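Asker: My structure file structure.pdb, PDB, C-alpha atoms, is below:
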ATOM      1  CA  MET A  28     -14.501   7.883  -7.864  1.00  0.00           C
ATOM      2  CA  ASN A  29     -10.907   7.132  -8.765  1.00  0.00           C
ATOM      3  CA  SER A  30     -10.214   3.675 -10.131  1.00  0.00           C
ATOM      4  CA  THR A  31      -7.278   1.899  -8.494  1.00  0.00           C
ATOM      5  CA  ALA A  32      -4.930  -0.894  -9.502  1.00  0.00           C
ATOM      6  CA  ILE A  33      -2.904  -2.738  -6.888  1.00  0.00           C
ATOM      7  CA  VAL A  34       0.122  -4.481  -8.350  1.00  0.00           C
ATOM      8  CA  ILE A  35       1.422  -7.376  -6.243  1.00  0.00           C
ATOM      9  CA  ARG A  36       5.011  -8.138  -7.139  1.00  0.00           C
ATOM     10  CA  HIS A  37       6.207 -10.137  -4.145  1.00  0.00           C
ATOM     11  CA  GLY A  38       5.545 -13.767  -3.469  1.00  0.00           C
ATOM     12  CA  PRO A  39       4.464 -15.594  -0.320  1.00  0.00           C
ATOM     13  CA  GLY A  40       6.651 -15.218   2.735  1.00  0.00           C
ATOM     14  CA  THR A  41       8.125 -11.828   1.900  1.00  0.00           C
ATOM     15  CA  GLY A  42       6.471  -9.659   4.503  1.00  0.00           C
ATOM     16  CA  LEU A  43       3.154  -8.129   5.357  1.00  0.00           C
ATOM     17  CA  GLY A  44       2.996  -5.807   2.359  1.00  0.00           C
ATOM     18  CA  THR A  45       0.813  -8.043   0.194  1.00  0.00           C
ATOM     19  CA  ARG A  46      -1.677  -8.680   2.970  1.00  0.00           C
ATOM     20  CA  GLU A  47      -1.909  -5.017   3.879  1.00  0.00           C
ATOM     21  CA  MET A  48      -2.420  -3.937   0.288  1.00  0.00           C
ATOM     22  CA  LEU A  49      -5.118  -6.575  -0.184  1.00  0.00           C
ATOM     23  CA  ASP A  50      -6.809  -5.162   2.926  1.00  0.00           C
ATOM     24  CA  MET A  51      -6.673  -1.828   1.160  1.00  0.00           C
ATOM     25  CA  ALA A  52      -8.259  -3.353  -1.955  1.00  0.00           C
ATOM     26  CA  LEU A  53     -11.112  -4.768   0.119  1.00  0.00           C
ATOM     27  CA  VAL A  54     -11.781  -1.452   1.831  1.00  0.00           C
ATOM     28  CA  LEU A  55     -11.680   0.419  -1.474  1.00  0.00           C
ATOM     29  CA  ALA A  56     -14.214  -2.016  -2.882  1.00  0.00           C
ATOM     30  CA  THR A  57     -16.407  -1.576   0.187  1.00  0.00           C
ATOM     31  CA  PHE A  58     -16.524   2.117  -0.655  1.00  0.00           C
ATOM     32  CA  ASP A  59     -17.547   1.280  -4.248  1.00  0.00           C
ATOM     33  CA  CYS A  60     -14.157   2.290  -5.618  1.00  0.00           C
ATOM     34  CA  PRO A  61     -13.276   0.245  -8.719  1.00  0.00           C
ATOM     35  CA  VAL A  62     -10.242  -1.918  -7.892  1.00  0.00           C
ATOM     36  CA  THR A  63      -8.074  -4.155 -10.026  1.00  0.00           C
ATOM     37  CA  VAL A  64      -5.510  -6.545  -8.542  1.00  0.00           C
ATOM     38  CA  ILE A  65      -2.570  -7.469 -10.738  1.00  0.00           C
ATOM     39  CA  LEU A  66      -0.207 -10.342  -9.928  1.00  0.00           C
ATOM     40  CA  GLN A  67       3.142  -9.781 -11.567  1.00  0.00           C
ATOM     41  CA  ASP A  68       6.765 -10.933 -11.152  1.00  0.00           C
ATOM     42  CA  ASP A  69       7.010 -13.122  -8.017  1.00  0.00           C
ATOM     43  CA  GLY A  70       3.464 -12.039  -7.168  1.00  0.00           C
ATOM     44  CA  VAL A  71       2.206 -14.679  -9.611  1.00  0.00           C
ATOM     45  CA  TYR A  72       3.129 -17.333  -7.042  1.00  0.00           C
ATOM     46  CA  TRP A  73       0.001 -16.187  -5.181  1.00  0.00           C
ATOM     47  CA  SER A  74      -2.075 -17.439  -8.122  1.00  0.00           C
ATOM     48  CA  ARG A  75      -1.302 -20.980  -6.924  1.00  0.00           C
ATOM     49  CA  LEU A  76      -3.245 -20.081  -3.755  1.00  0.00           C
ATOM     50  CA  PRO A  77      -0.518 -21.479  -1.493  1.00  0.00           C
ATOM     51  CA  SER A  78      -1.503 -22.815   1.903  1.00  0.00           C
ATOM     52  CA  LEU A  79       0.234 -21.313   4.894  1.00  0.00           C
ATOM     53  CA  PRO A  80      -0.382 -22.304   8.524  1.00  0.00           C
ATOM     54  CA  GLU A  81      -3.735 -21.176   9.853  1.00  0.00           C
ATOM     55  CA  GLY A  82      -3.523 -17.774  11.457  1.00  0.00           C
ATOM     56  CA  ASN A  83      -0.251 -16.931   9.741  1.00  0.00           C
ATOM     57  CA  PRO A  84      -0.373 -13.176   9.059  1.00  0.00           C
ATOM     58  CA  LEU A  85       1.347 -13.759   5.702  1.00  0.00           C
ATOM     59  CA  SER A  86      -1.432 -16.005   4.425  1.00  0.00           C
ATOM     60  CA  VAL A  87      -3.611 -14.195   1.899  1.00  0.00           C
ATOM     61  CA  SER A  88      -4.919 -17.022  -0.285  1.00  0.00           C
ATOM     62  CA  GLY A  89      -8.323 -16.809   1.380  1.00  0.00           C
ATOM     63  CA  ARG A  90      -8.469 -13.079   0.781  1.00  0.00           C
ATOM     64  CA  LEU A  91      -7.522 -13.543  -2.859  1.00  0.00           C
ATOM     65  CA  LYS A  92     -10.287 -16.081  -3.377  1.00  0.00           C
ATOM     66  CA  SER A  93     -12.813 -13.802  -1.712  1.00  0.00           C
ATOM     67  CA  LEU A  94     -12.032 -10.699  -3.780  1.00  0.00           C
ATOM     68  CA  PRO A  95     -14.807 -11.289  -6.346  1.00  0.00           C
ATOM     69  CA  LEU A  96     -17.353 -11.433  -3.501  1.00  0.00           C
ATOM     70  CA  TYR A  97     -16.436  -7.838  -2.715  1.00  0.00           C
ATOM     71  CA  ASP A  98     -16.628  -6.802  -6.368  1.00  0.00           C
ATOM     72  CA  VAL A  99     -12.857  -6.473  -6.599  1.00  0.00           C
ATOM     73  CA  GLY A 100     -11.832  -7.229 -10.087  1.00  0.00           C
ATOM     74  CA  PRO A 101     -10.629  -8.138 -12.461  1.00  0.00           C
ATOM     75  CA  ILE A 102      -7.802 -10.112 -10.893  1.00  0.00           C
ATOM     76  CA  ILE A 103      -5.150 -10.065 -13.566  1.00  0.00           C
ATOM     77  CA  VAL A 104      -2.225 -12.484 -13.745  1.00  0.00           C
ATOM     78  CA  HIS A 105       0.781 -11.541 -15.866  1.00  0.00           C
ATOM     79  CA  SER A 106       1.309 -14.310 -18.403  1.00  0.00           C
ATOM     80  CA  GLU A 107       5.025 -13.771 -18.989  1.00  0.00           C
ATOM     81  CA  SER A 108       5.724 -13.860 -15.234  1.00  0.00           C
ATOM     82  CA  CYS A 109       3.857 -17.176 -15.039  1.00  0.00           C
ATOM     83  CA  ASP A 110       5.725 -18.605 -18.004  1.00  0.00           C
ATOM     84  CA  SER A 111       9.157 -17.694 -16.663  1.00  0.00           C
ATOM     85  CA  ARG A 112       8.337 -19.261 -13.282  1.00  0.00           C
ATOM     86  CA  SER A 113       6.384 -22.284 -14.583  1.00  0.00           C
ATOM     87  CA  VAL A 114       3.429 -21.216 -12.479  1.00  0.00           C
ATOM     88  CA  ILE A 115       0.102 -22.937 -13.048  1.00  0.00           C
ATOM     89  CA  ILE A 116      -2.833 -20.909 -11.790  1.00  0.00           C
ATOM     90  CA  ASP A 117      -5.152 -22.545  -9.262  1.00  0.00           C
ATOM     91  CA  LEU A 118      -8.642 -22.964 -10.656  1.00  0.00           C
ATOM     92  CA  GLY A 119     -10.018 -21.554  -7.408  1.00  0.00           C
ATOM     93  CA  LEU A 120      -8.745 -18.111  -8.317  1.00  0.00           C
ATOM     94  CA  HIS A 121     -11.116 -16.257 -10.619  1.00  0.00           C
ATOM     95  CA  SER A 122      -8.501 -14.482 -12.689  1.00  0.00           C
ATOM     96  CA  THR A 123      -7.723 -13.242 -16.158  1.00  0.00           C
ATOM     97  CA  VAL A 124      -4.332 -13.914 -17.728  1.00  0.00           C
ATOM     98  CA  LEU A 125      -2.985 -10.983 -19.729  1.00  0.00           C
ATOM     99  CA  SER A 126       0.264 -10.196 -21.523  1.00  0.00           C
ATOM    100  CA  THR A 127       2.449  -7.192 -20.758  1.00  0.00           C
ATOM    101  CA  SER A 128       0.927  -5.089 -23.526  1.00  0.00           C
ATOM    102  CA  GLU A 129      -2.605  -5.992 -22.472  1.00  0.00           C
ATOM    103  CA  ILE A 130      -1.830  -5.021 -18.872  1.00  0.00           C
ATOM    104  CA  LEU A 131      -0.375  -1.730 -20.070  1.00  0.00           C
ATOM    105  CA  ASP A 132      -3.565  -1.067 -22.026  1.00  0.00           C
ATOM    106  CA  HIS A 133      -5.589  -1.797 -18.908  1.00  0.00           C
ATOM    107  CA  LEU A 134      -3.421   0.420 -16.698  1.00  0.00           C
ATOM    108  CA  SER A 135      -3.896   3.309 -19.112  1.00  0.00           C
ATOM    109  CA  THR A 136      -7.532   3.376 -17.990  1.00  0.00           C
ATOM    110  CA  ILE A 137      -6.692   3.432 -14.266  1.00  0.00           C
ATOM    111  CA  ASP A 138      -6.461   6.611 -12.180  1.00  0.00           C
ATOM    112  CA  VAL A 139      -4.239   5.384  -9.334  1.00  0.00           C
ATOM    113  CA  ILE A 140      -1.650   2.603  -9.445  1.00  0.00           C
ATOM    114  CA  LEU A 141      -0.289   1.291  -6.155  1.00  0.00           C
ATOM    115  CA  GLU A 142       2.422  -1.298  -5.668  1.00  0.00           C
ATOM    116  CA  ALA A 143       2.276  -3.991  -3.030  1.00  0.00           C
TER
ATOM    117  CA  MET B  19       8.559   2.057   3.858  1.00  0.00           C
ATOM    118  CA  SER B  20      10.297   2.749   7.151  1.00  0.00           C
ATOM    119  CA  PRO B  21      12.482   5.844   7.652  1.00  0.00           C
ATOM    120  CA  ASP B  22      15.539   3.578   7.357  1.00  0.00           C
ATOM    121  CA  SER B  23      14.733   1.899   4.043  1.00  0.00           C
ATOM    122  CA  GLY B  24      17.142   3.466   1.592  1.00  0.00           C
ATOM    123  CA  THR B  25      16.691   6.760  -0.206  1.00  0.00           C
ATOM    124  CA  ALA B  26      12.946   6.551  -0.854  1.00  0.00           C
ATOM    125  CA  PRO B  27      12.001   7.899   2.601  1.00  0.00           C
ATOM    126  CA  ALA B  28      14.113  10.986   1.989  1.00  0.00           C
ATOM    127  CA  ARG B  29      12.409  11.495  -1.373  1.00  0.00           C
ATOM    128  CA  ALA B  30       9.049  11.176   0.328  1.00  0.00           C
ATOM    129  CA  VAL B  31       9.887  13.854   2.875  1.00  0.00           C
ATOM    130  CA  ASP B  32      11.368  16.059   0.138  1.00  0.00           C
ATOM    131  CA  THR B  33       8.161  15.676  -1.885  1.00  0.00           C
ATOM    132  CA  LEU B  34       6.019  16.526   1.120  1.00  0.00           C
ATOM    133  CA  GLU B  35       8.112  19.596   1.815  1.00  0.00           C
ATOM    134  CA  ALA B  36       7.927  20.739  -1.814  1.00  0.00           C
ATOM    135  CA  ALA B  37       4.167  20.251  -2.004  1.00  0.00           C
ATOM    136  CA  LEU B  38       3.533  22.204   1.178  1.00  0.00           C
ATOM    137  CA  SER B  39       5.879  24.988   0.089  1.00  0.00           C
ATOM    138  CA  LYS B  40       3.843  25.375  -3.099  1.00  0.00           C
ATOM    139  CA  GLY B  41       0.625  25.692  -1.178  1.00  0.00           C
ATOM    140  CA  TYR B  42      -0.854  22.235  -1.756  1.00  0.00           C
ATOM    141  CA  ALA B  43      -3.070  20.657   0.869  1.00  0.00           C
ATOM    142  CA  VAL B  44      -1.501  17.284   1.559  1.00  0.00           C
ATOM    143  CA  PHE B  45      -3.027  14.174   3.082  1.00  0.00           C
ATOM    144  CA  VAL B  46      -0.333  11.798   4.294  1.00  0.00           C
ATOM    145  CA  PHE B  47      -1.383   8.224   5.005  1.00  0.00           C
ATOM    146  CA  LEU B  48       1.264   6.226   6.841  1.00  0.00           C
ATOM    147  CA  TYR B  49       0.823   2.550   6.031  1.00  0.00           C
ATOM    148  CA  GLU B  50       2.814  -0.655   6.312  1.00  0.00           C
ATOM    149  CA  ASP B  51       6.278   0.127   7.761  1.00  0.00           C
ATOM    150  CA  GLY B  52       5.679   3.806   7.000  1.00  0.00           C
ATOM    151  CA  ILE B  53       3.885   4.121  10.307  1.00  0.00           C
ATOM    152  CA  LEU B  54       7.356   4.133  11.928  1.00  0.00           C
ATOM    153  CA  PHE B  55       7.531   7.762  10.813  1.00  0.00           C
ATOM    154  CA  ALA B  56       4.913   8.480  13.466  1.00  0.00           C
ATOM    155  CA  ARG B  57       6.916   7.290  16.476  1.00  0.00           C
ATOM    156  CA  LYS B  58       7.882  10.150  18.720  1.00  0.00           C
ATOM    157  CA  ASP B  59      10.157   7.961  20.864  1.00  0.00           C
ATOM    158  CA  ARG B  60      12.381   7.031  17.954  1.00  0.00           C
ATOM    159  CA  ASP B  61      16.083   7.923  18.127  1.00  0.00           C
ATOM    160  CA  THR B  62      18.300   8.460  15.134  1.00  0.00           C
ATOM    161  CA  PRO B  63      21.939   7.387  15.524  1.00  0.00           C
ATOM    162  CA  GLN B  64      24.435  10.218  15.546  1.00  0.00           C
ATOM    163  CA  GLY B  65      25.651  11.136  12.092  1.00  0.00           C
ATOM    164  CA  GLU B  66      22.594   9.779  10.275  1.00  0.00           C
ATOM    165  CA  ILE B  67      19.957  11.916   8.601  1.00  0.00           C
ATOM    166  CA  ASP B  68      17.044  12.453  10.957  1.00  0.00           C
ATOM    167  CA  LEU B  69      14.048  12.169   8.652  1.00  0.00           C
ATOM    168  CA  VAL B  70      11.571  11.750  11.472  1.00  0.00           C
ATOM    169  CA  THR B  71      12.378  15.180  12.903  1.00  0.00           C
ATOM    170  CA  ARG B  72      11.883  16.696   9.441  1.00  0.00           C
ATOM    171  CA  PHE B  73       8.638  14.807   9.020  1.00  0.00           C
ATOM    172  CA  THR B  74       7.483  15.888  12.491  1.00  0.00           C
ATOM    173  CA  SER B  75       7.939  19.522  11.540  1.00  0.00           C
ATOM    174  CA  LEU B  76       6.214  19.119   8.166  1.00  0.00           C
ATOM    175  CA  SER B  77       3.284  17.139   9.525  1.00  0.00           C
ATOM    176  CA  ALA B  78       2.503  20.014  11.890  1.00  0.00           C
ATOM    177  CA  HIS B  79       2.006  22.331   8.915  1.00  0.00           C
ATOM    178  CA  PRO B  80      -1.589  23.615   8.812  1.00  0.00           C
ATOM    179  CA  ASN B  81      -2.030  22.314   5.238  1.00  0.00           C
ATOM    180  CA  CYS B  82      -0.858  18.821   6.175  1.00  0.00           C
ATOM    181  CA  ASP B  83      -3.151  16.146   7.529  1.00  0.00           C
ATOM    182  CA  ALA B  84      -1.076  13.135   8.608  1.00  0.00           C
ATOM    183  CA  VAL B  85      -2.785   9.882   9.513  1.00  0.00           C
ATOM    184  CA  ALA B  86      -1.191   6.621  10.674  1.00  0.00           C
ATOM    185  CA  CYS B  87      -3.115   3.443   9.920  1.00  0.00           C
ATOM    186  CA  ILE B  88      -4.223   2.083  13.266  1.00  0.00           C
ATOM    187  CA  THR B  89      -4.115  -1.563  12.178  1.00  0.00           C
ATOM    188  CA  ALA B  90      -0.631  -1.275  10.706  1.00  0.00           C
ATOM    189  CA  GLY B  91       0.391   0.502  13.899  1.00  0.00           C
ATOM    190  CA  GLU B  92      -0.975  -2.232  16.138  1.00  0.00           C
ATOM    191  CA  ARG B  93       0.921  -4.848  14.146  1.00  0.00           C
ATOM    192  CA  ARG B  94       4.143  -2.957  14.775  1.00  0.00           C
ATOM    193  CA  GLY B  95       3.627  -2.008  18.402  1.00  0.00           C
ATOM    194  CA  LEU B  96       2.772   1.640  17.832  1.00  0.00           C
ATOM    195  CA  ARG B  97       0.497   2.934  20.582  1.00  0.00           C
ATOM    196  CA  GLY B  98      -1.247   6.239  21.046  1.00  0.00           C
ATOM    197  CA  SER B  99       1.200   7.228  23.761  1.00  0.00           C
ATOM    198  CA  SER B 100       4.121   6.986  21.338  1.00  0.00           C
ATOM    199  CA  LEU B 101       2.384   8.732  18.425  1.00  0.00           C
ATOM    200  CA  LEU B 102       3.607  12.132  17.251  1.00  0.00           C
ATOM    201  CA  THR B 103       1.228  14.872  18.310  1.00  0.00           C
ATOM    202  CA  SER B 104       1.015  16.056  14.702  1.00  0.00           C
ATOM    203  CA  VAL B 105      -0.161  12.623  13.528  1.00  0.00           C
ATOM    204  CA  ARG B 106      -3.419  10.904  14.405  1.00  0.00           C
ATOM    205  CA  PHE B 107      -4.613   7.363  14.054  1.00  0.00           C
ATOM    206  CA  GLY B 108      -7.076   6.596  11.288  1.00  0.00           C
ATOM    207  CA  GLY B 109      -8.259   3.757   9.115  1.00  0.00           C
ATOM    208  CA  LEU B 110      -8.378   2.664   5.522  1.00  0.00           C
ATOM    209  CA  GLY B 111     -11.845   4.155   5.179  1.00  0.00           C
ATOM    210  CA  GLU B 112     -10.395   7.593   5.700  1.00  0.00           C
ATOM    211  CA  TRP B 113      -7.688   6.816   3.168  1.00  0.00           C
ATOM    212  CA  THR B 114     -10.323   5.759   0.658  1.00  0.00           C
ATOM    213  CA  GLU B 115     -12.316   8.950   1.132  1.00  0.00           C
ATOM    214  CA  SER B 116      -9.203  11.040   0.599  1.00  0.00           C
ATOM    215  CA  LEU B 117      -8.252   8.990  -2.433  1.00  0.00           C
ATOM    216  CA  SER B 118     -11.592   9.703  -4.058  1.00  0.00           C
ATOM    217  CA  SER B 119     -11.185  13.461  -3.666  1.00  0.00           C
ATOM    218  CA  SER B 120      -7.467  13.789  -4.421  1.00  0.00           C
ATOM    219  CA  ASP B 121      -6.066  15.387  -7.547  1.00  0.00           C
ATOM    220  CA  ILE B 122      -2.739  13.586  -7.271  1.00  0.00           C
ATOM    221  CA  VAL B 123      -1.783  10.369  -5.475  1.00  0.00           C
ATOM    222  CA  VAL B 124       1.872   9.507  -4.858  1.00  0.00           C
ATOM    223  CA  GLN B 125       3.018   6.285  -3.232  1.00  0.00           C
ATOM    224  CA  PHE B 126       6.443   5.798  -1.661  1.00  0.00           C
ATOM    225  CA  ARG B 127       7.441   2.311  -0.631  1.00  0.00           C
TER
END
Write out the structure in this file as structure tokens.

Answerer:
Amino acid sequence: MNSTAIVIRHGPGTGLGTREMLDMALVLATFDCPVTVILQDDGVYWSRLPSLPEGNPLSVSGRLKSLPLYDVGPIIVHSESCDSRSVIIDLGLHSTVLSTSEILDHLSTIDVILEA
Amino acid sequence: MSPDSGTAPARAVDTLEAALSKGYAVFVFLYEDGILFARKDRDTPQGEIDLVTRFTSLSAHPNCDAVACITAGERRGLRGSSLLTSVRFGGLGEWTESLSSSDIVVQFR
């Protein structure tokens, strides 16, 4: 089974792409495919688990929090992206903070890399 | 990635054409705005490159299996009646199965 990394690089409010790629991550995990989610660039804003109006199709904070329940993981947050945006990660997100070089090391073990 | 989003759609169609010409079996999964490639009632303004017509021809190739995500299609108003005959609706489960058996995966977005 191919391992997959989904790299989220866009923040809240920038379209359906993040939600649809997280749906993909959940389905991959359901099929026992190893999945990593990486929050990078403006994607690190999701690590704050922002609240959007209920039912808003752009809201994915609930999905992000539920990823470990579906054995999606690790959820990796890019440290330099956080630093440059002064982002503080919400404690409700079970994530690992890694540097650029550490993420590159991780990606070298992944079969398929998809961008959200 | 919709057919109108810059040069990436043209590269995607070029890549599909090249792969099929070299004898590869290709599974195309249309997701997000990419499902707009599957609209048969789509018109291209005069003078612009008609990628959908090229894609329509390529997706009918016997070595090409083209699937449009049904959920992404519903979100964007794509119904069965407006779907290209060479494309069928499918789900992420089918994508996952193909992913697990593919030698090469290429994403265009």

Asker: Residues of chain B within 7 Å of chain A, counting all atoms listed in the file - could you list those as an MDAnalysis selection string?

Answerer: chainID B and resid 50 110:111 114 118 123 125

Asker: Determine, counting only C-alpha atoms, every residue of protein, DNA or RNA that lies within 7 Å of (-5.7, -3.5, -13.2) in the file coordinates, then give the result as number ranges by chain.

Answerer: A: 32-33, 63-65, 101, 103, 133-134

Asker: Take the residues that were just selected and, keeping C-alpha atoms, output them as a PDB file, in the frame of the given file.

Answerer:
ATOM      1  CA  ALA A  32      -4.930  -0.894  -9.502  1.00  0.00           C
ATOM      2  CA  ILE A  33      -2.904  -2.738  -6.888  1.00  0.00           C
ATOM      3  CA  THR A  63      -8.074  -4.155 -10.026  1.00  0.00           C
ATOM      4  CA  VAL A  64      -5.510  -6.545  -8.542  1.00  0.00           C
ATOM      5  CA  ILE A  65      -2.570  -7.469 -10.738  1.00  0.00           C
ATOM      6  CA  PRO A 101     -10.629  -8.138 -12.461  1.00  0.00           C
ATOM      7  CA  ILE A 103      -5.150 -10.065 -13.566  1.00  0.00           C
ATOM      8  CA  HIS A 133      -5.589  -1.797 -18.908  1.00  0.00           C
ATOM      9  CA  LEU A 134      -3.421   0.420 -16.698  1.00  0.00           C
TER      10      LEU A 134
END

Asker: Have a look at atom CA of His79 of chain B and atom CA of Ser39 of chain B and let me know their distance in Å, one decimal.

Answerer: 10.0 Å

Asker: What gap, in Å, lies between atom CA of Thr41 of chain A and atom CA of Ala86 of chain B?

Answerer: 22.5 Å

Asker: Run the PyMOL selection byres ((chain B and resi 44) around 8) on the file and write out the hits as a list in words.

Answerer: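 Going through the file, the PyMOL selection byres ((chain B and resi 44) around 8) ends up selecting Leu34, Ala37, Leu38, Tyr42, Ala43, Phe45, Val46, Asn81, Cys82 and Asp83 of chain B.
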
Asker: Applying the PyMOL selection byres ((chain B and resi 63-76) around 9) to the file I just gave you, which residues come out? Please list them as a PyMOL selection string.

Answerer: chain B and resi 21-22+27-28+31+34-35+38+54-58+60-62+77-79+82+102-105

Asker: Suppose you want the space between atom CA of Gln67 of chain A and atom CA of Met19 of chain B; what is it in Å?

Answerer: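 Distance reported for this atom pair: 20.2 Å.
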
Asker: Please determine the residues with any atom at most 7 Å from (4.4, -5.6, -7.8) (coordinates as given in the file, with all atoms listed in the file counting) and report them as a PyMOL selection string.

Answerer: chain A and resi 34-37+66-68+70+142-143

Asker: Would you kindly translate the PyMOL selection byres ((chain B and resi 51) around 8) into the concrete residues it picks from this file, as a PDB file with C-alpha atoms, keeping the file's coordinate frame?

Answerer:
ATOM      1  CA  MET B  19       8.559   2.057   3.858  1.00  0.00           C
ATOM      2  CA  SER B  20      10.297   2.749   7.151  1.00  0.00           C
ATOM      3  CA  LEU B  48       1.264   6.226   6.841  1.00  0.00           C
ATOM      4  CA  TYR B  49       0.823   2.550   6.031  1.00  0.00           C
ATOM      5  CA  GLU B  50       2.814  -0.655   6.312  1.00  0.00           C
ATOM      6  CA  GLY B  52       5.679   3.806   7.000  1.00  0.00           C
ATOM      7  CA  ILE B  53       3.885   4.121  10.307  1.00  0.00           C
ATOM      8  CA  LEU B  54       7.356   4.133  11.928  1.00  0.00           C
ATOM      9  CA  ALA B  90      -0.631  -1.275  10.706  1.00  0.00           C
ATOM     10  CA  ARG B  94       4.143  -2.957  14.775  1.00  0.00           C
TER      11      ARG B  94
END
